[in-house]
file query_28.tsv (TSV, C-alpha atoms and all ligand atoms)
chain	number	residue	atom	x	y	z
U	1	MET	CA	168.12	66.58	149.82
U	2	THR	CA	166.79	63.33	148.36
U	3	PRO	CA	169.55	60.69	148.56
U	4	PHE	CA	170.62	59.01	145.32
U	5	GLN	CA	173.26	56.55	144.20
U	6	TYR	CA	175.92	57.40	141.65
U	7	ALA	CA	177.63	54.99	139.25
U	8	ARG	CA	179.87	55.54	136.25
U	9	ALA	CA	179.15	53.53	133.07
U	10	ASN	CA	182.19	51.74	131.60
U	11	ASP	CA	180.87	51.55	128.04
U	12	VAL	CA	177.61	51.92	126.12
U	13	ALA	CA	176.54	48.31	126.84
U	14	ASP	CA	177.17	48.85	130.56
U	15	ALA	CA	175.18	52.10	130.48
U	16	ILE	CA	172.20	50.29	128.92
U	17	ARG	CA	172.51	47.41	131.40
U	18	GLN	CA	172.52	49.80	134.36
U	19	ILE	CA	169.59	51.93	133.14
U	20	ALA	CA	167.49	48.87	132.21
U	21	ALA	CA	168.09	47.30	135.63
U	22	ASP	CA	166.59	50.22	137.58
U	23	PRO	CA	163.46	52.11	136.42
U	24	ALA	CA	164.30	54.90	138.91
U	25	ALA	CA	167.74	55.50	137.36
U	26	LYS	CA	168.64	58.34	134.96
U	27	PHE	CA	171.61	59.08	132.78
U	28	ILE	CA	173.64	62.14	133.58
U	29	ALA	CA	175.86	63.76	130.92
U	30	GLY	CA	176.77	67.47	131.41
U	31	GLY	CA	174.26	67.74	134.27
U	32	THR	CA	173.25	71.30	133.31
U	33	ASN	CA	169.54	70.47	133.27
U	34	LEU	CA	169.17	67.35	135.38
U	35	ILE	CA	170.96	68.71	138.45
U	36	ASP	CA	168.75	71.84	138.40
U	37	LEU	CA	165.65	69.65	138.18
U	38	MET	CA	166.84	67.63	141.17
U	39	LYS	CA	167.54	70.80	143.16
U	40	TYR	CA	164.06	72.14	142.31
U	41	ASP	CA	162.48	68.90	143.59
U	42	VAL	CA	161.09	68.15	140.09
U	43	GLU	CA	163.06	64.97	139.35
U	44	HIS	CA	164.10	62.40	141.96
U	45	PRO	CA	166.27	59.72	140.33
U	46	ALA	CA	167.28	57.03	142.82
U	47	ARG	CA	170.44	56.42	140.81
U	48	LEU	CA	172.51	58.52	138.41
U	49	VAL	CA	174.35	56.62	135.71
U	50	ASP	CA	177.21	58.88	134.62
U	51	ILE	CA	177.78	58.54	130.87
U	52	SER	CA	180.05	61.56	130.51
U	53	HIS	CA	183.20	59.43	130.10
U	54	LEU	CA	181.88	57.20	127.30
U	55	PRO	CA	183.74	57.40	123.97
U	56	LEU	CA	180.97	59.30	122.15
U	57	ARG	CA	182.86	62.54	121.50
U	58	ASP	CA	183.78	62.25	117.82
U	59	VAL	CA	182.51	64.19	114.82
U	60	GLU	CA	183.03	61.93	111.79
U	61	GLU	CA	182.18	62.07	108.10
U	62	THR	CA	179.73	59.36	107.00
U	63	SER	CA	180.01	57.29	103.84
U	64	SER	CA	176.90	59.06	102.45
U	65	GLY	CA	178.60	62.47	102.69
U	66	GLY	CA	177.01	63.63	105.95
U	67	LEU	CA	178.33	63.87	109.50
U	68	ARG	CA	177.92	61.72	112.59
U	69	ILE	CA	178.12	63.63	115.88
U	70	GLY	CA	178.75	61.65	119.07
U	71	ALA	CA	176.14	62.20	121.78
U	72	LEU	CA	178.75	63.50	124.21
U	73	VAL	CA	180.28	66.16	121.97
U	74	PRO	CA	179.95	69.35	124.06
U	75	ASN	CA	177.76	72.05	122.52
U	76	SER	CA	180.67	74.51	122.34
U	77	ASP	CA	183.00	72.02	120.60
U	78	LEU	CA	180.26	71.30	118.08
U	79	ALA	CA	179.56	74.97	117.33
U	80	TYR	CA	183.26	75.63	116.66
U	81	HIS	CA	184.01	72.37	114.84
U	82	PRO	CA	185.44	73.26	111.38
U	83	LEU	CA	183.11	70.87	109.53
U	84	ILE	CA	180.09	72.37	111.30
U	85	GLU	CA	181.25	75.95	110.72
U	86	GLN	CA	181.88	75.29	107.03
U	87	ARG	CA	179.11	72.89	106.05
U	88	TYR	CA	176.36	73.29	108.68
U	89	PRO	CA	176.65	76.89	109.92
U	90	LEU	CA	172.93	76.90	110.76
U	91	ILE	CA	173.73	74.53	113.63
U	92	ALA	CA	176.64	76.65	114.85
U	93	SER	CA	174.42	79.77	114.85
U	94	ALA	CA	171.65	78.01	116.76
U	95	ILE	CA	173.99	76.60	119.42
U	96	LEU	CA	175.75	79.94	119.94
U	97	ALA	CA	172.38	81.63	120.46
U	98	GLY	CA	171.78	79.40	123.50
U	99	ALA	CA	172.72	79.54	127.18
U	100	SER	CA	176.22	80.88	128.00
U	101	GLN	CA	179.74	79.82	127.03
U	102	GLN	CA	180.24	78.03	130.39
U	103	LEU	CA	176.98	76.11	129.98
U	104	ARG	CA	177.75	75.22	126.37
U	105	ASN	CA	181.12	73.84	127.51
U	106	MET	CA	179.29	71.38	129.80
U	107	ALA	CA	176.11	70.68	127.81
U	108	SER	CA	176.21	67.57	125.61
U	109	THR	CA	174.63	67.00	122.21
U	110	GLY	CA	172.43	64.16	123.52
U	111	GLY	CA	171.43	66.02	126.70
U	112	ASN	CA	170.38	69.04	124.64
U	113	LEU	CA	167.70	66.94	122.92
U	114	VAL	CA	166.34	65.57	126.20
U	115	GLN	CA	166.40	68.83	128.20
U	116	ARG	CA	163.01	69.60	129.69
U	117	THR	CA	160.60	72.50	129.26
U	118	ARG	CA	161.16	75.85	130.96
U	119	CYS	CA	157.45	76.31	131.79
U	120	PHE	CA	157.48	78.26	135.10
U	121	TYR	CA	154.99	75.90	136.75
U	122	PHE	CA	156.93	72.76	135.83
U	123	TYR	CA	159.79	74.08	137.98
U	124	ASP	CA	157.48	75.16	140.82
U	125	ALA	CA	156.88	71.86	142.60
U	126	VAL	CA	153.93	73.16	144.68
U	127	THR	CA	151.67	74.06	141.70
U	128	PRO	CA	149.59	71.63	139.60
U	129	CYS	CA	151.41	70.46	136.46
U	130	ASN	CA	150.41	67.49	134.32
U	131	LYS	CA	153.92	67.11	132.99
U	132	ARG	CA	155.47	66.89	136.47
U	133	GLN	CA	152.53	65.06	138.08
U	134	PRO	CA	150.09	63.52	135.56
U	135	GLY	CA	146.45	64.28	136.34
U	136	SER	CA	147.16	67.24	138.62
U	137	GLY	CA	146.12	69.91	136.07
U	138	CYS	CA	147.86	72.60	134.05
U	139	SER	CA	148.60	75.86	135.85
U	140	ALA	CA	149.85	77.60	132.72
U	141	ILE	CA	146.66	77.51	130.63
U	142	ASN	CA	145.01	80.17	132.81
U	143	GLY	CA	148.23	81.37	134.40
U	144	VAL	CA	151.33	83.32	133.43
U	145	ASN	CA	151.90	81.74	130.03
U	146	ARG	CA	154.08	84.32	128.23
U	147	ILE	CA	156.67	81.67	127.34
U	148	ASN	CA	154.22	78.88	126.49
U	149	ALA	CA	153.09	77.31	123.22
U	150	ILE	CA	150.70	78.54	120.52
U	151	LEU	CA	150.81	75.46	118.27
U	152	GLY	CA	150.23	71.74	118.85
U	153	THR	CA	148.94	72.31	122.39
U	154	SER	CA	146.45	70.13	124.27
U	155	GLU	CA	144.07	70.66	127.18
U	156	ALA	CA	146.65	68.89	129.33
U	157	CYS	CA	149.77	70.96	128.52
U	158	ILE	CA	150.91	74.05	126.59
U	159	ALA	CA	154.66	73.73	127.28
U	160	THR	CA	157.36	74.42	124.69
U	161	HIS	CA	160.61	72.60	123.99
U	162	PRO	CA	163.38	75.05	124.91
U	163	SER	CA	166.33	73.96	122.75
U	164	ASP	CA	167.89	76.17	120.07
U	165	MET	CA	170.09	73.46	118.55
U	166	CYS	CA	167.07	71.19	118.01
U	167	VAL	CA	165.36	73.80	115.82
U	168	ALA	CA	168.33	73.73	113.43
U	169	LEU	CA	168.53	69.91	113.58
U	170	ALA	CA	164.83	69.70	112.69
U	171	ALA	CA	165.30	71.98	109.67
U	172	LEU	CA	168.26	69.89	108.46
U	173	GLU	CA	166.36	66.60	108.93
U	174	ALA	CA	168.89	65.06	111.31
U	175	ILE	CA	168.61	61.43	112.40
U	176	VAL	CA	168.91	60.34	116.04
U	177	HIS	CA	170.86	57.12	116.72
U	178	VAL	CA	169.83	55.34	119.91
U	179	ALA	CA	170.63	52.00	121.56
U	180	GLY	CA	168.78	49.95	124.16
U	181	PRO	CA	168.35	46.39	125.44
U	182	ALA	CA	166.65	45.45	122.13
U	183	GLY	CA	169.55	46.78	120.04
U	184	ALA	CA	170.24	49.94	118.06
U	185	ARG	CA	167.72	51.95	116.03
U	186	THR	CA	167.34	55.35	114.39
U	187	ILE	CA	164.62	57.95	114.88
U	188	ALA	CA	163.91	60.69	112.33
U	189	PHE	CA	164.29	64.04	114.07
U	190	SER	CA	160.67	64.96	113.32
U	191	ASP	CA	159.56	61.86	115.27
U	192	PHE	CA	161.91	62.30	118.22
U	193	HIS	CA	159.99	64.91	120.24
U	194	ARG	CA	156.27	64.41	120.91
U	195	LEU	CA	153.28	66.71	121.14
U	196	PRO	CA	151.77	66.78	124.65
U	197	GLY	CA	148.37	65.19	123.85
U	198	ASN	CA	147.12	63.51	127.01
U	199	THR	CA	150.59	62.24	127.98
U	200	PRO	CA	152.57	65.46	128.54
U	201	GLN	CA	154.85	63.64	130.97
U	202	ARG	CA	156.51	62.06	127.89
U	203	ASP	CA	158.63	64.57	126.00
U	204	THR	CA	160.18	62.20	123.45
U	205	ASN	CA	159.85	58.79	121.81
U	206	LEU	CA	163.10	57.64	123.42
U	207	GLU	CA	162.38	54.66	125.68
U	208	PRO	CA	163.47	55.07	129.31
U	209	ASP	CA	166.12	52.34	128.89
U	210	GLU	CA	167.57	53.76	125.66
U	211	ILE	CA	170.64	55.94	125.26
U	212	ILE	CA	171.27	58.45	122.46
U	213	THR	CA	174.59	57.52	120.89
U	214	ALA	CA	174.84	59.96	117.97
U	215	ILE	CA	173.14	62.49	115.71
U	216	GLU	CA	173.56	62.05	111.98
U	217	LEU	CA	173.40	64.98	109.59
U	218	PRO	CA	172.43	64.36	105.95
U	219	PRO	CA	174.85	65.68	103.31
U	220	LYS	CA	172.83	68.83	102.56
U	221	GLY	CA	174.01	71.58	104.93
U	222	PHE	CA	172.58	74.71	103.24
U	223	GLY	CA	175.88	76.47	103.99
U	224	THR	CA	175.21	79.60	101.88
U	225	ASN	CA	171.60	80.70	102.34
U	226	TYR	CA	170.69	80.05	105.97
U	227	SER	CA	169.73	82.02	109.07
U	228	TYR	CA	168.88	81.33	112.72
U	229	LEU	CA	166.98	84.12	114.44
U	230	LYS	CA	166.21	84.02	118.15
U	231	ILE	CA	163.86	86.53	119.76
U	232	ARG	CA	164.04	86.65	123.57
U	233	ASP	CA	163.44	88.95	126.51
U	234	ARG	CA	167.19	89.54	127.04
U	235	LEU	CA	169.88	89.58	124.35
U	236	SER	CA	171.79	86.68	125.92
U	237	TYR	CA	171.35	83.95	128.52
U	238	ALA	CA	167.62	83.63	127.86
U	239	PHE	CA	165.42	81.04	126.19
U	240	ALA	CA	163.61	81.81	122.93
U	241	LEU	CA	160.19	83.42	122.89
U	242	VAL	CA	160.27	82.59	119.19
U	243	SER	CA	163.18	81.29	117.13
U	244	VAL	CA	163.39	80.43	113.45
U	245	ALA	CA	165.82	78.25	111.50
U	246	ALA	CA	165.62	78.87	107.75
U	247	ALA	CA	167.65	77.26	104.97
U	248	LEU	CA	167.25	77.85	101.26
U	249	GLU	CA	168.74	76.54	98.05
U	250	LEU	CA	168.45	79.21	95.35
U	251	GLU	CA	168.78	79.22	91.58
U	252	GLY	CA	169.10	82.90	90.83
U	253	ASP	CA	166.09	84.42	92.61
U	254	THR	CA	164.09	81.20	92.55
U	255	ILE	CA	163.77	78.88	95.55
U	256	LYS	CA	164.74	75.31	94.64
U	257	GLU	CA	164.55	73.87	98.15
U	258	ALA	CA	163.37	75.36	101.47
U	259	ARG	CA	163.57	74.28	105.09
U	260	LEU	CA	161.87	76.10	107.92
U	261	ALA	CA	161.56	75.19	111.61
U	262	VAL	CA	160.24	77.35	114.43
U	263	GLY	CA	161.19	77.12	118.11
U	264	GLY	CA	159.55	78.52	121.26
U	265	VAL	CA	156.06	77.92	119.87
U	266	ALA	CA	155.35	74.21	120.47
U	267	HIS	CA	156.30	71.07	122.40
U	268	LYS	CA	158.72	70.27	119.56
U	269	PRO	CA	160.48	72.23	116.81
U	270	TRP	CA	157.59	73.16	114.51
U	271	ARG	CA	157.84	72.26	110.83
U	272	VAL	CA	155.03	72.43	108.30
U	273	ALA	CA	155.61	70.56	105.04
U	274	ALA	CA	153.00	72.66	103.21
U	275	ALA	CA	154.91	75.87	104.02
U	276	GLU	CA	158.16	74.46	102.62
U	277	ALA	CA	156.35	73.13	99.54
U	278	ALA	CA	154.73	76.53	98.96
U	279	LEU	CA	158.17	78.17	98.88
U	280	ARG	CA	159.57	75.78	96.28
U	281	GLY	CA	159.58	77.27	92.78
U	282	GLN	CA	158.67	80.77	94.07
U	283	ARG	CA	160.70	83.95	93.76
U	284	ALA	CA	162.51	84.57	97.04
U	285	ASP	CA	160.57	87.68	98.06
U	286	ALA	CA	158.50	89.05	100.92
U	287	GLY	CA	155.22	87.85	99.40
U	288	ALA	CA	156.34	84.21	99.26
U	289	PHE	CA	157.80	84.45	102.78
U	290	ALA	CA	154.57	85.91	104.20
U	291	GLN	CA	152.58	83.09	102.59
U	292	ALA	CA	154.90	80.49	104.14
U	293	ALA	CA	154.57	82.17	107.54
U	294	ALA	CA	150.78	82.05	107.30
U	295	LEU	CA	150.94	78.31	106.55
U	296	VAL	CA	153.29	77.64	109.48
U	297	LEU	CA	150.98	79.49	111.84
U	298	ARG	CA	147.70	78.00	110.61
U	299	GLY	CA	145.70	76.98	113.69
U	300	ALA	CA	147.90	78.95	116.12
U	301	LYS	CA	146.12	79.77	119.37
U	302	GLY	CA	147.13	82.23	122.09
U	303	TYR	CA	146.35	81.78	125.78
U	304	GLY	CA	146.43	85.43	126.87
U	305	HIS	CA	149.93	86.38	127.96
U	306	ASN	CA	151.45	84.54	124.99
U	307	SER	CA	149.03	85.70	122.26
U	308	PHE	CA	151.63	88.21	121.04
U	309	LYS	CA	153.70	85.25	119.84
U	310	ILE	CA	151.44	84.72	116.82
U	311	GLY	CA	152.34	88.08	115.25
U	312	LEU	CA	155.91	87.85	116.50
U	313	ALA	CA	156.41	84.43	114.90
U	314	ARG	CA	154.91	85.65	111.60
U	315	ARG	CA	157.33	88.59	111.43
U	316	ALA	CA	160.28	86.48	112.62
U	317	ILE	CA	159.68	83.89	109.88
U	318	VAL	CA	159.59	86.56	107.15
U	319	ARG	CA	162.74	88.22	108.54
U	320	THR	CA	164.67	84.96	108.86
U	321	LEU	CA	163.78	83.83	105.34
U	322	SER	CA	164.78	87.29	104.02
U	323	GLN	CA	168.15	87.05	105.78
U	324	ALA	CA	168.68	83.53	104.43
U	325	ALA	CA	167.82	84.62	100.89
U	326	ARG	CA	170.23	87.58	101.07
U	327	GLY	CA	173.00	85.37	102.48
U	328	THR	CA	173.22	87.63	105.55
U	329	PRO	CA	172.52	85.08	108.28
U	330	GLN	CA	172.95	87.15	111.45
U	331	SER	CA	170.49	89.67	112.85
U	332	GLN	CA	173.22	91.07	115.03
U	333	SER	CA	176.95	90.44	115.00
U	334	VAL	CA	177.92	87.34	116.94
U	335	LYS	CA	181.32	87.67	118.55
U	336	LYS	CA	183.23	84.43	118.85
U	337	ILE	CA	184.28	83.64	122.38
U	338	ARG	CA	186.51	80.61	122.57
U	401	LIG	C1	170.74	78.92	132.84
U	401	LIG	C2	170.55	78.07	131.63
U	401	LIG	C3	170.27	78.65	130.41
U	401	LIG	C4	170.12	77.86	129.27
U	401	LIG	N1	169.81	78.46	128.08
U	401	LIG	C5	169.61	77.69	126.97
U	401	LIG	C6	169.25	78.26	125.73
U	401	LIG	O1	169.14	79.48	125.60
U	401	LIG	N2	169.07	77.44	124.67
U	401	LIG	C7	169.21	76.08	124.76
U	401	LIG	O2	169.03	75.38	123.77
U	401	LIG	N3	169.51	75.51	125.93
U	401	LIG	C8	169.73	76.27	127.03
U	401	LIG	N4	170.02	75.68	128.21
U	401	LIG	C9	169.90	74.24	128.33
U	401	LIG	C10	171.15	73.48	128.05
U	401	LIG	O3	171.44	73.58	126.67
U	401	LIG	C11	170.83	72.04	128.43
U	401	LIG	O4	170.70	72.01	129.85
U	401	LIG	C12	171.89	71.07	127.98
U	401	LIG	O5	171.96	71.02	126.58
U	401	LIG	C13	171.60	69.68	128.51
U	401	LIG	O6	172.72	68.84	128.25
U	401	LIG	P1	173.45	68.09	129.45
U	401	LIG	O7	174.49	67.24	128.83
U	401	LIG	O8	173.91	69.02	130.51
U	401	LIG	O9	172.24	67.20	129.98
U	401	LIG	P2	171.96	66.61	131.43
U	401	LIG	O10	171.50	67.69	132.35
U	401	LIG	O11	173.09	65.76	131.88
U	401	LIG	O12	170.75	65.66	131.07
U	401	LIG	C14	169.51	66.18	130.62
U	401	LIG	C15	168.57	65.01	130.35
U	401	LIG	O13	169.06	64.28	129.22
U	401	LIG	C16	169.24	62.90	129.55
U	401	LIG	N5	170.40	62.49	128.75
U	401	LIG	C17	171.61	63.12	128.68
U	401	LIG	N6	172.39	62.51	127.77
U	401	LIG	C18	171.66	61.48	127.27
U	401	LIG	C19	171.92	60.48	126.28
U	401	LIG	N7	173.08	60.42	125.60
U	401	LIG	N8	170.96	59.58	126.03
U	401	LIG	C20	169.76	59.62	126.68
U	401	LIG	N9	169.46	60.55	127.61
U	401	LIG	C21	170.40	61.46	127.89
U	401	LIG	C22	169.45	62.88	131.06
U	401	LIG	O14	169.07	61.64	131.62
U	401	LIG	C23	168.50	64.00	131.49
U	401	LIG	O15	167.19	63.51	131.56
U	401	LIG	C24	170.24	76.45	129.37
U	401	LIG	C25	170.54	75.86	130.60
U	401	LIG	C26	170.69	76.64	131.72
U	401	LIG	C27	171.00	75.98	133.03
U	402	LIG	S1	152.07	73.81	130.37
U	402	LIG	FE1	152.72	71.69	130.73
U	402	LIG	S2	154.58	71.97	131.92
U	402	LIG	FE2	153.44	73.91	132.10
U	402	LIG	S3	152.07	73.74	133.88
U	402	LIG	FE3	150.91	73.03	132.13
U	402	LIG	S4	151.25	70.81	132.18
U	402	LIG	FE4	152.89	71.70	133.38

call {"tool": "encode", "arguments": {"input": "query_28.tsv", "output": "C-alpha cells", "more": "lines below"}}
Ligand SMILES: Cc1cc2nc3c(=O)[nH]c(=O)nc-3n(C[C@H](O)[C@H](O)[C@H](O)COP(=O)(O)OP(=O)(O)OC[C@H]3O[C@@H](n4cnc5c(N)ncnc54)[C@H](O)[C@@H]3O)c2cc1C
Ligand code: SF4
result
Amino acid sequence: MTPFQYARANDVADAIRQIAADPAAKFIAGGTNLIDLMKYDVEHPARLVDISHLPLRDVEETSSGGLRIGALVPNSDLAYHPLIEQRYPLIASAILAGASQQLRNMASTGGNLVQRTRCFYFYDAVTPCNKRQPGSGCSAINGVNRINAILGTSEACIATHPSDMCVALAALEAIVHVAGPAGARTIAFSDFHRLPGNTPQRDTNLEPDEIITAIELPPKGFGTNYSYLKIRDRLSYAFALVSVAAALELEGDTIKEARLAVGGVAHKPWRVAAAEAALRGQRADAGAFAQAAALVLRGAKGYGHNSFKIGLARRAIVRTLSQAARGTPQSQSVKKIR
C-alpha cells in the first residue's frame, strides 16, 4: 500500500486552501472511484482532503426558475428528489441506469463528473497508457477496444467518459459552479469535459486546485417528451456501450426544440448542434430521427472490436428519439428501489 495522509476540510475555503497547498493532494467525496484507482495502483495521492462533510447537499430553486444542486448531493437522493422527478426526469432516468443502489447512495454529484474512464488498460498499471502515464503509448488502439470511443478520438487516446448522469446534464445544458484560489466561476457543461487530443491525462477543464460546488439546471426540463436509453453488456451494474439522452418540445407532431447527447462513444458526452438544428421544425418521425443520427455520427471511426458501436449508436439514437416523441421514456420498466 502507498501511504497517504488524510484530512477533513472544515468548509469550502479550507478545502481550497488544503488542495492548493499540496499538488499531490486530491479531494475525496463518496470515494467510489478514487479508492478503486488507489487500490489498482493508478492514482497515488499523497494526501486525501475529505470534502464529504461540507454543506453542499441542498437542491434549491434558483431565481431564474432552474435548480441548483449541491456537489455533495448523493446520486440516489438526486434521482428521487421530487423536483428532479417532476421537472427533470431525464436526469433521474440517467442516474438510475448507472451503477447499483449502494454505489448511488455513496456517489456524489460532483464526483460523478470527475470519475475517470473505464478503459481496461487505464486500470492495468503494467500496460502502456497515455492517460495514466503520458508518453507511454495507447494499448487500446490496437488492443481490446470494445468499450472505447468512436468519436473525437486522437492518436494518443480513444477512451470514453463513463458517466450516465453527465449525458443527461449535457443534453439539458447544465452549468458547473466551481471555486478555487482565484475565486468562483462557472463552466458550461459542454466545456467541462475535454477531448483527449495530445493531453489525454487531462479529463476536464477543472483546475487541480478547484472544487465543484454545485450544478445548475436551466429552467427547461423537458419533463414530457424525454428518454434515456442505455445499451450495455449486462442489464444492470455495467457501464454504457452506447447511451442516448433525448429531449423534445413538440407542437402537435412538429419538433419545436430538440436536445440530443450520446454517451459511451467519446471522451465527453457527445452533442452535435447541427443534428439538433436539423430536428427543429421537422415532423417527429423516423426519417427525421435517422437524419439526426447520421449527423451525430458524422466522422465516426471504429478501431476493430468497437466498430459495431457505429451502427448501434445510430439505431439507439432513432429509438430514443422515438420513445421521447411518443412520451414513453423507458425501454424497459424501471422498478424503484428506495
Ligand atoms: C462497480 C461500479 C459501477 C459503476 N457503474 C456506473 C455506471 O453504470 N454509470 C455511472 O455513471 N457511473 C458508474 N459508476 C461510477 C460512479 O458513479 C462514480 O464512481 C461516482 O459517481 C463518483 O462519485 P464519488 O463521490 O464517489 O467520487 P470520488 O471517488 O470520491 O471522487 C472521484 C474523483 O472526483 C474528484 N472529486 C469528487 N468530488 C469533487 C468535487 N466536489 N470537486 C472536485 N473534484 C471532486 C475526486 O478528487 C476524484 O478525483 C460505477 C462505479 C463502480 C465502482
Ligand atoms: S484509450 Fe486512453 S485510457 Fe485507454 S489505453 Fe489508450 S491512452 Fe490509456

call {"tool": "residues_around", "arguments": {"input": "query_28.tsv", "residues": "Gly180 in chain U", "least_positions_apart": "6", "cutoff": "10 Å", "atoms": "all atoms listed in the file", "output": "VMD selection string"}}
result
chain U and resid 12 to 13 15 to 17 19 to 20 206 to 212

call {"tool": "closest_atom_pairs", "arguments": {"input": "query_28.tsv", "of": "chain U", "to": "ligand LIG 402 (chain U)", "cutoff": "9 Å", "atoms": "only C-alpha atoms and all ligand atoms", "output": "JSON lines"}}
result
{"residue": "U:Thr117", "atom": "CA", "partner": "U:LIG402", "partner_atom": "S2", "distance": 6.6}
{"residue": "U:Arg118", "atom": "CA", "partner": "U:LIG402", "partner_atom": "S2", "distance": 7.7}
{"residue": "U:Cys119", "atom": "CA", "partner": "U:LIG402", "partner_atom": "FE2", "distance": 4.7}
{"residue": "U:Phe120", "atom": "CA", "partner": "U:LIG402", "partner_atom": "FE2", "distance": 6.7}
{"residue": "U:Tyr121", "atom": "CA", "partner": "U:LIG402", "partner_atom": "S3", "distance": 4.6}
{"residue": "U:Phe122", "atom": "CA", "partner": "U:LIG402", "partner_atom": "S2", "distance": 4.6}
{"residue": "U:Tyr123", "atom": "CA", "partner": "U:LIG402", "partner_atom": "S2", "distance": 8.3}
{"residue": "U:Asp124", "atom": "CA", "partner": "U:LIG402", "partner_atom": "S3", "distance": 8.9}
{"residue": "U:Thr127", "atom": "CA", "partner": "U:LIG402", "partner_atom": "S3", "distance": 7.8}
{"residue": "U:Pro128", "atom": "CA", "partner": "U:LIG402", "partner_atom": "S3", "distance": 6.6}
{"residue": "U:Cys129", "atom": "CA", "partner": "U:LIG402", "partner_atom": "FE4", "distance": 3.6}
{"residue": "U:Asn130", "atom": "CA", "partner": "U:LIG402", "partner_atom": "S4", "distance": 4.0}
{"residue": "U:Lys131", "atom": "CA", "partner": "U:LIG402", "partner_atom": "S4", "distance": 4.6}
{"residue": "U:Arg132", "atom": "CA", "partner": "U:LIG402", "partner_atom": "FE4", "distance": 6.3}
{"residue": "U:Gln133", "atom": "CA", "partner": "U:LIG402", "partner_atom": "FE4", "distance": 8.1}
{"residue": "U:Pro134", "atom": "CA", "partner": "U:LIG402", "partner_atom": "S4", "distance": 8.1}
{"residue": "U:Ser136", "atom": "CA", "partner": "U:LIG402", "partner_atom": "S4", "distance": 8.4}
{"residue": "U:Gly137", "atom": "CA", "partner": "U:LIG402", "partner_atom": "S4", "distance": 6.5}
{"residue": "U:Cys138", "atom": "CA", "partner": "U:LIG402", "partner_atom": "FE3", "distance": 3.6}
{"residue": "U:Ser139", "atom": "CA", "partner": "U:LIG402", "partner_atom": "S3", "distance": 4.5}
{"residue": "U:Ala140", "atom": "CA", "partner": "U:LIG402", "partner_atom": "S3", "distance": 4.6}
{"residue": "U:Ile141", "atom": "CA", "partner": "U:LIG402", "partner_atom": "FE3", "distance": 6.4}
{"residue": "U:Gly143", "atom": "CA", "partner": "U:LIG402", "partner_atom": "S3", "distance": 8.6}
{"residue": "U:Asn145", "atom": "CA", "partner": "U:LIG402", "partner_atom": "S1", "distance": 7.9}
{"residue": "U:Asn148", "atom": "CA", "partner": "U:LIG402", "partner_atom": "S1", "distance": 6.7}
{"residue": "U:Ala149", "atom": "CA", "partner": "U:LIG402", "partner_atom": "S1", "distance": 8.0}
{"residue": "U:Thr153", "atom": "CA", "partner": "U:LIG402", "partner_atom": "S1", "distance": 8.7}
{"residue": "U:Glu155", "atom": "CA", "partner": "U:LIG402", "partner_atom": "S4", "distance": 8.8}
{"residue": "U:Ala156", "atom": "CA", "partner": "U:LIG402", "partner_atom": "S4", "distance": 5.7}
{"residue": "U:Cys157", "atom": "CA", "partner": "U:LIG402", "partner_atom": "FE1", "distance": 3.8}
{"residue": "U:Ile158", "atom": "CA", "partner": "U:LIG402", "partner_atom": "S1", "distance": 4.0}
{"residue": "U:Ala159", "atom": "CA", "partner": "U:LIG402", "partner_atom": "S1", "distance": 4.0}
{"residue": "U:Thr160", "atom": "CA", "partner": "U:LIG402", "partner_atom": "S1", "distance": 7.8}
{"residue": "U:Pro196", "atom": "CA", "partner": "U:LIG402", "partner_atom": "FE1", "distance": 7.9}
{"residue": "U:Pro200", "atom": "CA", "partner": "U:LIG402", "partner_atom": "S4", "distance": 6.6}
{"residue": "U:Gln201", "atom": "CA", "partner": "U:LIG402", "partner_atom": "S4", "distance": 8.1}

call {"tool": "write_last_selection", "arguments": {"input": "query_28.tsv", "atoms": "C-alpha atoms", "output": "CSV table (one decimal), in the frame of the given file"}}
result
chain,number,residue,atom,x,y,z
U,117,THR,CA,160.6,72.5,129.3
U,118,ARG,CA,161.2,75.8,131.0
U,119,CYS,CA,157.4,76.3,131.8
U,120,PHE,CA,157.5,78.3,135.1
U,121,TYR,CA,155.0,75.9,136.8
U,122,PHE,CA,156.9,72.8,135.8
U,123,TYR,CA,159.8,74.1,138.0
U,124,ASP,CA,157.5,75.2,140.8
U,127,THR,CA,151.7,74.1,141.7
U,128,PRO,CA,149.6,71.6,139.6
U,129,CYS,CA,151.4,70.5,136.5
U,130,ASN,CA,150.4,67.5,134.3
U,131,LYS,CA,153.9,67.1,133.0
U,132,ARG,CA,155.5,66.9,136.5
U,133,GLN,CA,152.5,65.1,138.1
U,134,PRO,CA,150.1,63.5,135.6
U,136,SER,CA,147.2,67.2,138.6
U,137,GLY,CA,146.1,69.9,136.1
U,138,CYS,CA,147.9,72.6,134.0
U,139,SER,CA,148.6,75.9,135.8
U,140,ALA,CA,149.8,77.6,132.7
U,141,ILE,CA,146.7,77.5,130.6
U,143,GLY,CA,148.2,81.4,134.4
U,145,ASN,CA,151.9,81.7,130.0
U,148,ASN,CA,154.2,78.9,126.5
U,149,ALA,CA,153.1,77.3,123.2
U,153,THR,CA,148.9,72.3,122.4
U,155,GLU,CA,144.1,70.7,127.2
U,156,ALA,CA,146.6,68.9,129.3
U,157,CYS,CA,149.8,71.0,128.5
U,158,ILE,CA,150.9,74.0,126.6
U,159,ALA,CA,154.7,73.7,127.3
U,160,THR,CA,157.4,74.4,124.7
U,196,PRO,CA,151.8,66.8,124.6
U,200,PRO,CA,152.6,65.5,128.5
U,201,GLN,CA,154.8,63.6,131.0

call {"tool": "closest_residue", "arguments": {"input": "query_28.tsv", "among": "U:Asn205, U:Thr213, U:Gln5, U:Ser163", "to": "Arg116 in chain U", "atoms": "only C-alpha atoms"}}
result
U:Ser163

call {"tool": "residues_near_ligand", "arguments": {"input": "query_28.tsv", "ligand": "ligand LIG 401 (chain U)", "cutoff": "7 Å", "atoms": "all atoms listed in the file", "output": "NGL selection string"}}
result
:U and (26-35 or 71-72 or 95 or 97-100 or 103-104 or 106-115 or 162-165 or 210-213 or 237-240)

call {"tool": "residues_around", "arguments": {"input": "query_28.tsv", "residues": "Ala9 in chain U", "least_positions_apart": "2", "cutoff": "9 Å", "atoms": "all atoms listed in the file", "output": "PyMOL selection string"}}
result
chain U and resi 7+11-16+18+49-54

call {"tool": "atom_distance", "arguments": {"input": "query_28.tsv", "atom1": "CA of Asn75 in chain U", "atom2": "CA of Lys309 in chain U"}}
result
27.6 Å

call {"tool": "atom_distance", "arguments": {"input": "query_28.tsv", "atom1": "CA of Arg57 in chain U", "atom2": "CA of Ile91 in chain U"}}
result
17.0 Å
